>>> print(open('my_file_23.json').read())   # JSON, C-alpha atoms
[["chain", "number", "residue", "atom", "x", "y", "z"],
["A", 1, "MET", "CA", 0.00, 0.00, 0.00],
["A", 2, "ASP", "CA", 1.48, 3.38, -0.93],
["A", 3, "LYS", "CA", 1.45, 6.64, 1.00],
["A", 4, "ALA", "CA", -1.40, 8.19, -1.02],
["A", 5, "GLN", "CA", -3.64, 5.18, -0.43],
["A", 6, "ILE", "CA", -3.01, 5.38, 3.31],
["A", 7, "LEU", "CA", -3.96, 9.04, 3.43],
["A", 8, "GLN", "CA", -7.10, 8.24, 1.49],
["A", 9, "ARG", "CA", -8.10, 5.64, 4.04],
["A", 10, "LEU", "CA", -7.75, 7.93, 7.03],
["A", 11, "PRO", "CA", -11.13, 8.21, 8.71],
["A", 12, "TYR", "CA", -10.74, 11.95, 9.37],
["A", 13, "THR", "CA", -11.50, 15.14, 7.54],
["A", 14, "SER", "CA", -11.24, 18.86, 8.21],
["A", 15, "PRO", "CA", -11.30, 20.24, 10.87],
["A", 16, "PHE", "CA", -9.93, 17.09, 12.48],
["A", 17, "LEU", "CA", -7.41, 15.81, 9.98],
["A", 18, "PHE", "CA", -3.89, 16.37, 11.28],
["A", 19, "VAL", "CA", -1.80, 14.75, 8.55],
["A", 20, "ASP", "CA", -0.67, 16.60, 5.41],
["A", 21, "ARG", "CA", 1.73, 14.08, 3.98],
["A", 22, "LEU", "CA", 3.79, 11.01, 4.75],
["A", 23, "VAL", "CA", 7.52, 11.22, 4.12],
["A", 24, "HIS", "CA", 8.11, 7.50, 4.39],
["A", 25, "ILE", "CA", 6.54, 4.43, 5.85],
["A", 26, "ASN", "CA", 7.54, 0.82, 6.35],
["A", 27, "ALA", "CA", 6.70, -2.02, 8.72],
["A", 28, "ASN", "CA", 8.84, -0.52, 11.47],
["A", 29, "GLY", "CA", 7.71, 3.06, 11.44],
["A", 30, "VAL", "CA", 6.47, 6.16, 9.72],
["A", 31, "VAL", "CA", 7.42, 9.81, 9.28],
["A", 32, "GLY", "CA", 4.82, 12.41, 8.39],
["A", 33, "LYS", "CA", 4.25, 16.15, 8.35],
["A", 34, "TYR", "CA", 1.49, 18.54, 9.26],
["A", 35, "THR", "CA", 1.20, 22.32, 9.22],
["A", 36, "PHE", "CA", -0.90, 23.92, 11.94],
["A", 37, "ARG", "CA", -2.30, 26.68, 9.75],
["A", 38, "ASP", "CA", -2.82, 29.94, 11.60],
["A", 39, "ASP", "CA", -6.50, 30.07, 10.63],
["A", 40, "LEU", "CA", -7.41, 26.87, 12.51],
["A", 41, "PRO", "CA", -10.51, 27.61, 14.59],
["A", 42, "PHE", "CA", -9.23, 26.58, 18.04],
["A", 43, "TYR", "CA", -6.54, 29.27, 18.08],
["A", 44, "LYS", "CA", -9.30, 31.76, 18.82],
["A", 45, "GLY", "CA", -9.89, 30.16, 22.20],
["A", 46, "HIS", "CA", -6.56, 28.55, 23.11],
["A", 47, "PHE", "CA", -5.58, 30.87, 24.57],
["A", 48, "LYS", "CA", -7.71, 34.01, 24.81],
["A", 49, "ASP", "CA", -4.87, 36.41, 24.14],
["A", 50, "PHE", "CA", -2.08, 34.27, 22.76],
["A", 51, "PRO", "CA", -2.78, 31.47, 20.30],
["A", 52, "LEU", "CA", -0.90, 28.25, 21.02],
["A", 53, "THR", "CA", -1.52, 24.71, 19.74],
["A", 54, "PRO", "CA", -3.21, 22.59, 22.43],
["A", 55, "GLY", "CA", -1.20, 19.63, 23.68],
["A", 56, "ALA", "CA", -4.24, 17.44, 23.07],
["A", 57, "LEU", "CA", -4.00, 18.27, 19.35],
["A", 58, "LEU", "CA", -0.25, 17.66, 19.26],
["A", 59, "THR", "CA", -1.05, 14.24, 20.72],
["A", 60, "GLU", "CA", -3.82, 13.78, 18.14],
["A", 61, "CYS", "CA", -1.41, 14.67, 15.34],
["A", 62, "CYS", "CA", 1.13, 12.15, 16.69],
["A", 63, "ALA", "CA", -1.59, 9.52, 16.94],
["A", 64, "GLN", "CA", -2.96, 10.12, 13.43],
["A", 65, "ILE", "CA", 0.46, 9.95, 11.79],
["A", 66, "GLY", "CA", 2.23, 7.59, 14.16],
["A", 67, "VAL", "CA", -0.42, 5.05, 15.03],
["A", 68, "VAL", "CA", -3.34, 5.34, 12.60],
["A", 69, "CYS", "CA", -1.31, 5.70, 9.37],
["A", 70, "LEU", "CA", 1.10, 2.99, 10.48],
["A", 71, "GLY", "CA", -1.79, 0.82, 11.63],
["A", 72, "ILE", "CA", -3.55, 1.09, 8.27],
["A", 73, "TYR", "CA", -0.29, 0.14, 6.57],
["A", 74, "LEU", "CA", 0.48, -2.81, 8.84],
["A", 75, "PHE", "CA", -3.06, -4.09, 8.74],
["A", 76, "SER", "CA", -3.22, -4.03, 4.96],
["A", 77, "GLU", "CA", 0.11, -5.89, 4.79],
["A", 78, "GLU", "CA", -0.94, -8.59, 7.21],
["A", 79, "ILE", "CA", -4.55, -9.35, 6.66],
["A", 80, "ALA", "CA", -5.68, -7.27, 3.71],
["A", 81, "SER", "CA", -8.73, -5.96, 5.47],
["A", 82, "LYS", "CA", -9.74, -2.47, 6.48],
["A", 83, "ALA", "CA", -9.27, -1.48, 10.07],
["A", 84, "ALA", "CA", -10.76, 0.96, 12.49],
["A", 85, "ILE", "CA", -8.36, 2.08, 15.17],
["A", 86, "ALA", "CA", -9.31, 2.81, 18.75],
["A", 87, "LEU", "CA", -6.87, 4.79, 20.84],
["A", 88, "THR", "CA", -6.12, 2.91, 24.05],
["A", 89, "LYS", "CA", -3.29, 4.75, 25.78],
["A", 90, "THR", "CA", -1.17, 7.86, 25.46],
["A", 91, "GLU", "CA", 1.76, 8.88, 27.56],
["A", 92, "MET", "CA", 3.17, 12.19, 26.38],
["A", 93, "GLU", "CA", 5.71, 14.73, 27.45],
["A", 94, "PHE", "CA", 5.48, 18.27, 26.06],
["A", 95, "LEU", "CA", 8.71, 20.19, 25.74],
["A", 96, "LEU", "CA", 8.14, 23.19, 23.48],
["A", 97, "PRO", "CA", 5.13, 25.19, 22.30],
["A", 98, "VAL", "CA", 3.88, 25.01, 18.71],
["A", 99, "LEU", "CA", 2.74, 28.38, 17.37],
["A", 100, "PRO", "CA", 0.13, 29.00, 14.67],
["A", 101, "GLY", "CA", 1.63, 28.39, 11.24],
["A", 102, "GLU", "CA", 4.32, 25.92, 12.32],
["A", 103, "THR", "CA", 5.02, 22.76, 10.37],
["A", 104, "VAL", "CA", 5.79, 19.75, 12.50],
["A", 105, "THR", "CA", 7.29, 16.37, 11.69],
["A", 106, "VAL", "CA", 6.11, 13.26, 13.50],
["A", 107, "ALA", "CA", 8.37, 10.22, 13.57],
["A", 108, "SER", "CA", 6.91, 7.03, 14.95],
["A", 109, "GLU", "CA", 8.68, 3.79, 15.67],
["A", 110, "LYS", "CA", 6.78, 0.56, 16.22],
["A", 111, "VAL", "CA", 7.37, -0.94, 19.66],
["A", 112, "TYR", "CA", 5.18, -3.91, 18.87],
["A", 113, "PHE", "CA", 2.22, -4.91, 16.77],
["A", 114, "ARG", "CA", 0.75, -8.05, 18.25],
["A", 115, "PHE", "CA", -2.72, -9.40, 18.82],
["A", 116, "GLN", "CA", -4.13, -6.39, 16.96],
["A", 117, "LYS", "CA", -2.51, -3.93, 19.35],
["A", 118, "LEU", "CA", -0.08, -1.40, 17.97],
["A", 119, "LYS", "CA", 2.20, 0.40, 20.39],
["A", 120, "CYS", "CA", 4.50, 3.14, 19.09],
["A", 121, "LYS", "CA", 7.16, 5.50, 20.34],
["A", 122, "VAL", "CA", 6.39, 8.88, 18.82],
["A", 123, "LYS", "CA", 8.37, 12.08, 18.56],
["A", 124, "MET", "CA", 7.29, 15.42, 17.13],
["A", 125, "THR", "CA", 9.88, 17.94, 15.98],
["A", 126, "ASN", "CA", 9.55, 21.51, 14.71],
["A", 127, "ALA", "CA", 11.16, 23.16, 11.69],
["A", 128, "LEU", "CA", 14.36, 23.72, 13.68],
["A", 129, "ASP", "CA", 14.47, 19.98, 14.42],
["A", 130, "GLN", "CA", 13.79, 20.61, 18.11],
["A", 131, "VAL", "CA", 11.70, 18.03, 19.93],
["A", 132, "VAL", "CA", 8.27, 19.48, 20.66],
["A", 133, "CYS", "CA", 6.73, 16.44, 22.31],
["A", 134, "LYS", "CA", 7.40, 12.75, 22.62],
["A", 135, "GLY", "CA", 5.91, 9.71, 24.20],
["A", 136, "GLU", "CA", 4.16, 6.42, 23.62],
["A", 137, "ILE", "CA", 0.78, 5.87, 22.03],
["A", 138, "SER", "CA", -1.13, 2.62, 21.66],
["A", 139, "GLY", "CA", -4.23, 1.64, 19.77],
["A", 140, "MET", "CA", -6.25, -1.47, 19.06],
["A", 141, "LEU", "CA", -6.96, -2.30, 15.44],
["A", 142, "ILE", "CA", -10.43, -3.54, 14.80],
["A", 143, "PRO", "CA", -11.03, -5.20, 11.44],
["A", 144, "SER", "CA", -13.96, -3.67, 9.60],
["A", 145, "GLU", "CA", -15.07, -4.56, 6.09],
["A", 146, "ARG", "CA", -13.04, -6.90, 3.90],
["A", 147, "GLU", "CA", -11.04, -5.49, 1.00],
["A", 148, "LYS", "CA", -13.10, -5.37, -2.15],
["B", 1, "MET", "CA", -3.16, -27.22, 43.39],
["B", 2, "GLU", "CA", 0.24, -28.81, 42.77],
["B", 3, "LYS", "CA", 3.33, -26.89, 43.73],
["B", 4, "GLU", "CA", 4.36, -26.10, 40.17],
["B", 5, "ASN", "CA", 0.91, -24.91, 39.26],
["B", 6, "LEU", "CA", 0.71, -22.84, 42.38],
["B", 7, "GLU", "CA", 3.93, -21.05, 41.44],
["B", 8, "LEU", "CA", 2.58, -20.44, 37.98],
["B", 9, "TYR", "CA", -0.67, -19.12, 39.44],
["B", 10, "GLN", "CA", 1.18, -16.75, 41.79],
["B", 11, "LYS", "CA", 3.31, -15.42, 38.96],
["B", 12, "LEU", "CA", 0.27, -14.89, 36.75],
["B", 13, "ARG", "CA", -1.56, -13.10, 39.55],
["B", 14, "GLU", "CA", 1.36, -10.71, 39.93],
["B", 15, "ILE", "CA", 1.27, -9.90, 36.23],
["B", 16, "VAL", "CA", -2.51, -9.53, 36.05],
["B", 17, "GLY", "CA", -2.43, -7.42, 39.22],
["B", 18, "GLN", "CA", -0.55, -4.67, 37.38],
["B", 19, "TYR", "CA", -3.36, -4.20, 34.87],
["B", 20, "LEU", "CA", -6.40, -4.23, 37.12],
["B", 21, "PRO", "CA", -8.70, -1.21, 37.11],
["B", 22, "GLU", "CA", -8.81, 0.77, 40.35],
["B", 23, "ASP", "CA", -11.99, -0.82, 41.64],
["B", 24, "ILE", "CA", -10.60, -4.37, 41.48],
["B", 25, "SER", "CA", -7.96, -5.65, 43.89],
["B", 26, "VAL", "CA", -5.43, -8.45, 43.50],
["B", 27, "ASN", "CA", -7.47, -10.40, 46.03],
["B", 28, "ASP", "CA", -10.35, -10.48, 43.56],
["B", 29, "ILE", "CA", -8.28, -12.60, 41.19],
["B", 30, "LYS", "CA", -9.52, -16.19, 41.51],
["B", 31, "VAL", "CA", -8.76, -19.25, 39.42],
["B", 32, "ASN", "CA", -12.13, -18.99, 37.70],
["B", 33, "SER", "CA", -12.12, -15.20, 37.21],
["B", 34, "ASN", "CA", -12.99, -14.03, 33.73],
["B", 35, "PHE", "CA", -10.46, -11.42, 32.60],
["B", 36, "THR", "CA", -12.80, -9.08, 30.79],
["B", 37, "GLN", "CA", -16.15, -9.77, 32.45],
["B", 38, "GLU", "CA", -15.12, -10.05, 36.10],
["B", 39, "LEU", "CA", -11.73, -8.39, 36.38],
["B", 40, "ASN", "CA", -12.75, -5.59, 33.98],
["B", 41, "ILE", "CA", -9.55, -5.81, 31.98],
["B", 42, "ASN", "CA", -9.89, -4.27, 28.52],
["B", 43, "SER", "CA", -8.61, -5.88, 25.35],
["B", 44, "ALA", "CA", -5.61, -3.54, 25.11],
["B", 45, "ASN", "CA", -4.45, -4.45, 28.61],
["B", 46, "LEU", "CA", -5.10, -8.10, 27.93],
["B", 47, "VAL", "CA", -2.52, -7.87, 25.15],
["B", 48, "ASP", "CA", -0.03, -6.42, 27.64],
["B", 49, "ILE", "CA", -0.75, -9.27, 30.04],
["B", 50, "VAL", "CA", -0.12, -11.79, 27.27],
["B", 51, "LEU", "CA", 3.17, -10.09, 26.33],
["B", 52, "ASP", "CA", 4.29, -10.04, 29.98],
["B", 53, "VAL", "CA", 3.33, -13.71, 30.29],
["B", 54, "GLU", "CA", 5.48, -14.51, 27.26],
["B", 55, "ASP", "CA", 8.47, -12.80, 28.86],
["B", 56, "ALA", "CA", 7.89, -14.25, 32.33],
["B", 57, "PHE", "CA", 7.51, -17.85, 31.17],
["B", 58, "ASP", "CA", 9.70, -17.68, 28.08],
["B", 59, "ILE", "CA", 6.92, -18.89, 25.79],
["B", 60, "MET", "CA", 5.32, -17.66, 22.58],
["B", 61, "LEU", "CA", 1.57, -17.23, 22.35],
["B", 62, "GLU", "CA", -0.52, -17.18, 19.18],
["B", 63, "ASN", "CA", -3.81, -15.55, 18.27],
["B", 64, "GLU", "CA", -5.77, -18.70, 19.06],
["B", 65, "ASP", "CA", -4.16, -18.86, 22.52],
["B", 66, "MET", "CA", -5.27, -15.31, 23.09],
["B", 67, "ASP", "CA", -8.82, -16.17, 21.99],
["B", 68, "GLY", "CA", -8.86, -19.14, 24.35],
["B", 69, "MET", "CA", -7.82, -17.11, 27.37],
["B", 70, "GLN", "CA", -11.16, -16.15, 28.85],
["B", 71, "THR", "CA", -10.41, -16.98, 32.46],
["B", 72, "VAL", "CA", -7.38, -17.23, 34.73],
["B", 73, "GLU", "CA", -7.77, -21.00, 34.57],
["B", 74, "ASP", "CA", -7.69, -20.95, 30.75],
["B", 75, "ALA", "CA", -4.49, -18.93, 30.91],
["B", 76, "LEU", "CA", -2.91, -21.35, 33.39],
["B", 77, "THR", "CA", -3.77, -24.31, 31.16],
["B", 78, "ILE", "CA", -2.36, -22.66, 28.05],
["B", 79, "ILE", "CA", 0.80, -21.47, 29.82],
["B", 80, "ALA", "CA", 1.42, -24.95, 31.29],
["B", 81, "GLN", "CA", 0.98, -26.52, 27.83],
["B", 82, "LYS", "CA", 3.42, -24.08, 26.25],
["B", 83, "ILE", "CA", 6.00, -24.62, 28.97],
["B", 84, "ASP", "CA", 5.75, -28.39, 28.42],
["B", 85, "GLN", "CA", 6.20, -27.93, 24.68],
["B", 86, "ASN", "CA", 9.51, -26.14, 24.96],
["B", 87, "PRO", "CA", 11.42, -27.29, 28.02],
["B", 88, "SER", "CA", 14.34, -24.91, 28.32]]
>>> encode(input="my_file_23.json", output="structure tokens")
Amino acid sequence: MDKAQILQRLPYTSPFLFVDRLVHINANGVVGKYTFRDDLPFYKGHFKDFPLTPGALLTECCAQIGVVCLGIYLFSEEIASKAAIALTKTEMEFLLPVLPGETVTVASEKVYFRFQKLKCKVKMTNALDQVVCKGEISGMLIPSEREK
Amino acid sequence: MEKENLELYQKLREIVGQYLPEDISVNDIKVNSNFTQELNINSANLVDIVLDVEDAFDIMLENEDMDGMQTVEDALTIIAQKIDQNPS
């Protein structure tokens, strides 16, 4: 499965799609990019006087690229069926703020993919290659419809 | 319970104990406890239990083993079988 097909299969759309493109992907990990455009609606409220990307959305971005994209890839390789992915655990550390307009890179490394559970080590870096946040995210892959 | 099985049971209880939700205590773990129904362990944590079991007993478990592990007793049976299969 190629990168474009994976993006197509993502179950998200605006305003909750936090993947712009995948740089590379294989069975051991994935690297992807996303730009937090400065017109995203939540910046109006987070925070009142100074817009900053919420940590919850940095985590979401890491999960979409690092676990969901990788999960779709791994699942299609192994059992050729479509999968829904349920987030089961996140453990994140936030080190630097992400301002409106910044492009971030998420690198995810598979810790294990067994019994339908995918656990990954994720790391988000900014344009200066500084680590913005890092941690571990796990999800359970639930087979949905068979490949047509 | 035989001595060997008792050791196995104790070890399994220790592992399972780490994944119990807050409202369940280690003392609630009985031989016939159902992991998901009675001990309220979710499927994601059940995978972690299985992976810890593999490390602790130096065995390899397959999908069908996972499917067969409904209760603590099921797990004990499967673990004992696997240990017998590869004496190390």
>>> residues_around(input="my_file_23.json", residues="stretch 11-24 of chain B", least_positions_apart="6", cutoff="12 Å", atoms="only C-alpha atoms", output="PyMOL selection string")
chain B and resi 4-5+30-31+33-57+71-80
>>> closest_atom_pairs(input="my_file_23.json", of="chain A", to="chain B", cutoff="12 Å", atoms="all atoms listed in the file", output="tab-separated table")
residue	atom	partner	partner_atom	distance
A:Ile85	CA	B:Ala44	CA	11.7
A:Ala86	CA	B:Ala44	CA	9.7
A:Leu87	CA	B:Ala44	CA	9.4
A:Thr88	CA	B:Ala44	CA	6.6
A:Lys89	CA	B:Ala44	CA	8.6
A:Tyr112	CA	B:Leu51	CA	9.9
A:Phe113	CA	B:Val47	CA	10.1
A:Arg114	CA	B:Val47	CA	7.6
A:Phe115	CA	B:Asn63	CA	6.3
A:Gln116	CA	B:Val47	CA	8.5
A:Lys117	CA	B:Ala44	CA	6.6
A:Leu118	CA	B:Ala44	CA	9.3
A:Lys119	CA	B:Ala44	CA	9.9
A:Ile137	CA	B:Ala44	CA	11.8
A:Ser138	CA	B:Ala44	CA	8.4
A:Gly139	CA	B:Ala44	CA	7.6
A:Met140	CA	B:Ala44	CA	6.4
A:Leu141	CA	B:Ala44	CA	9.8
A:Ile142	CA	B:Ser43	CA	11.0
>>> atom_distance(input="my_file_23.json", atom1="atom CA of A:Lys121", atom2="atom CA of A:Ala107")
8.3 Å
>>> closest_atom_pairs(input="my_file_23.json", of="stretch 101-122 of chain A", to="stretch 44-61 of chain A", cutoff="10 Å", atoms="only C-alpha atoms", output="JSON lines")
{"residue": "A:Gly101", "atom": "CA", "partner": "A:Thr53", "partner_atom": "CA", "distance": 9.8}
{"residue": "A:Glu102", "atom": "CA", "partner": "A:Thr53", "partner_atom": "CA", "distance": 9.5}
{"residue": "A:Val104", "atom": "CA", "partner": "A:Cys61", "partner_atom": "CA", "distance": 9.3}
{"residue": "A:Thr105", "atom": "CA", "partner": "A:Cys61", "partner_atom": "CA", "distance": 9.6}
{"residue": "A:Val106", "atom": "CA", "partner": "A:Cys61", "partner_atom": "CA", "distance": 7.9}
{"residue": "A:Val122", "atom": "CA", "partner": "A:Thr59", "partner_atom": "CA", "distance": 9.4}
>>> atom_distance(input="my_file_23.json", atom1="atom CA of A:Ser108", atom2="atom CA of A:Asp39")
27.0 Å
>>> residues_around(input="my_file_23.json", residues="A:Cys69", least_positions_apart="3", cutoff="9 Å", atoms="all atoms listed in the file", output="MDAnalysis selection string")
chainID A and resid 3 6:7 9:10 22 25 30 63:66 72:74
>>> atom_distance(input="my_file_23.json", atom1="atom CA of A:Gly29", atom2="atom CA of A:Leu128")
21.8 Å
>>> closest_residue(input="my_file_23.json", among="A:Arg37, A:Glu136, A:Ser14, A:Ala27", to="A:Thr90", atoms="only C-alpha atoms")
A:Glu136
>>> residues_around(input="my_file_23.json", residues="A:Pro15", least_positions_apart="6", cutoff="10 Å", atoms="all atoms listed in the file", output="compact mmCIF listing (two decimals) with C-alpha atoms, in the coordinates of the input")
# COMPACT_ATOMS: atom_id res chain seq x y z
CA LEU A 40 -7.41 26.87 12.51
CA PRO A 41 -10.51 27.61 14.59
CA PHE A 42 -9.23 26.58 18.04
>>> decode(input="my_file_23.json", residues="stretch 69-123 of chain A", atoms="C-alpha atoms", output="PDB file, in the first residue's frame")
ATOM      1  CA  CYS A  69      -1.306   5.701   9.372  1.00  0.00           C
ATOM      2  CA  LEU A  70       1.096   2.989  10.482  1.00  0.00           C
ATOM      3  CA  GLY A  71      -1.795   0.822  11.633  1.00  0.00           C
ATOM      4  CA  ILE A  72      -3.551   1.088   8.270  1.00  0.00           C
ATOM      5  CA  TYR A  73      -0.286   0.142   6.567  1.00  0.00           C
ATOM      6  CA  LEU A  74       0.477  -2.810   8.840  1.00  0.00           C
ATOM      7  CA  PHE A  75      -3.062  -4.086   8.742  1.00  0.00           C
ATOM      8  CA  SER A  76      -3.219  -4.033   4.960  1.00  0.00           C
ATOM      9  CA  GLU A  77       0.112  -5.891   4.786  1.00  0.00           C
ATOM     10  CA  GLU A  78      -0.938  -8.589   7.211  1.00  0.00           C
ATOM     11  CA  ILE A  79      -4.552  -9.350   6.658  1.00  0.00           C
ATOM     12  CA  ALA A  80      -5.684  -7.268   3.714  1.00  0.00           C
ATOM     13  CA  SER A  81      -8.726  -5.956   5.468  1.00  0.00           C
ATOM     14  CA  LYS A  82      -9.738  -2.474   6.479  1.00  0.00           C
ATOM     15  CA  ALA A  83      -9.273  -1.480  10.068  1.00  0.00           C
ATOM     16  CA  ALA A  84     -10.759   0.963  12.489  1.00  0.00           C
ATOM     17  CA  ILE A  85      -8.357   2.078  15.173  1.00  0.00           C
ATOM     18  CA  ALA A  86      -9.308   2.813  18.748  1.00  0.00           C
ATOM     19  CA  LEU A  87      -6.870   4.793  20.836  1.00  0.00           C
ATOM     20  CA  THR A  88      -6.120   2.910  24.054  1.00  0.00           C
ATOM     21  CA  LYS A  89      -3.294   4.754  25.777  1.00  0.00           C
ATOM     22  CA  THR A  90      -1.174   7.859  25.458  1.00  0.00           C
ATOM     23  CA  GLU A  91       1.757   8.883  27.563  1.00  0.00           C
ATOM     24  CA  MET A  92       3.169  12.191  26.376  1.00  0.00           C
ATOM     25  CA  GLU A  93       5.709  14.726  27.448  1.00  0.00           C
ATOM     26  CA  PHE A  94       5.477  18.267  26.064  1.00  0.00           C
ATOM     27  CA  LEU A  95       8.706  20.189  25.745  1.00  0.00           C
ATOM     28  CA  LEU A  96       8.144  23.191  23.481  1.00  0.00           C
ATOM     29  CA  PRO A  97       5.132  25.193  22.297  1.00  0.00           C
ATOM     30  CA  VAL A  98       3.876  25.012  18.714  1.00  0.00           C
ATOM     31  CA  LEU A  99       2.743  28.382  17.374  1.00  0.00           C
ATOM     32  CA  PRO A 100       0.129  28.999  14.668  1.00  0.00           C
ATOM     33  CA  GLY A 101       1.628  28.387  11.241  1.00  0.00           C
ATOM     34  CA  GLU A 102       4.318  25.924  12.320  1.00  0.00           C
ATOM     35  CA  THR A 103       5.023  22.764  10.367  1.00  0.00           C
ATOM     36  CA  VAL A 104       5.793  19.746  12.503  1.00  0.00           C
ATOM     37  CA  THR A 105       7.292  16.373  11.689  1.00  0.00           C
ATOM     38  CA  VAL A 106       6.112  13.261  13.500  1.00  0.00           C
ATOM     39  CA  ALA A 107       8.372  10.217  13.570  1.00  0.00           C
ATOM     40  CA  SER A 108       6.906   7.033  14.950  1.00  0.00           C
ATOM     41  CA  GLU A 109       8.678   3.788  15.669  1.00  0.00           C
ATOM     42  CA  LYS A 110       6.784   0.558  16.217  1.00  0.00           C
ATOM     43  CA  VAL A 111       7.367  -0.938  19.662  1.00  0.00           C
ATOM     44  CA  TYR A 112       5.177  -3.908  18.872  1.00  0.00           C
ATOM     45  CA  PHE A 113       2.221  -4.914  16.768  1.00  0.00           C
ATOM     46  CA  ARG A 114       0.754  -8.050  18.249  1.00  0.00           C
ATOM     47  CA  PHE A 115      -2.718  -9.400  18.815  1.00  0.00           C
ATOM     48  CA  GLN A 116      -4.134  -6.393  16.965  1.00  0.00           C
ATOM     49  CA  LYS A 117      -2.508  -3.935  19.351  1.00  0.00           C
ATOM     50  CA  LEU A 118      -0.083  -1.397  17.968  1.00  0.00           C
ATOM     51  CA  LYS A 119       2.199   0.396  20.387  1.00  0.00           C
ATOM     52  CA  CYS A 120       4.499   3.139  19.095  1.00  0.00           C
ATOM     53  CA  LYS A 121       7.161   5.500  20.335  1.00  0.00           C
ATOM     54  CA  VAL A 122       6.388   8.885  18.821  1.00  0.00           C
ATOM     55  CA  LYS A 123       8.365  12.085  18.564  1.00  0.00           C
TER      56      LYS A 123
END
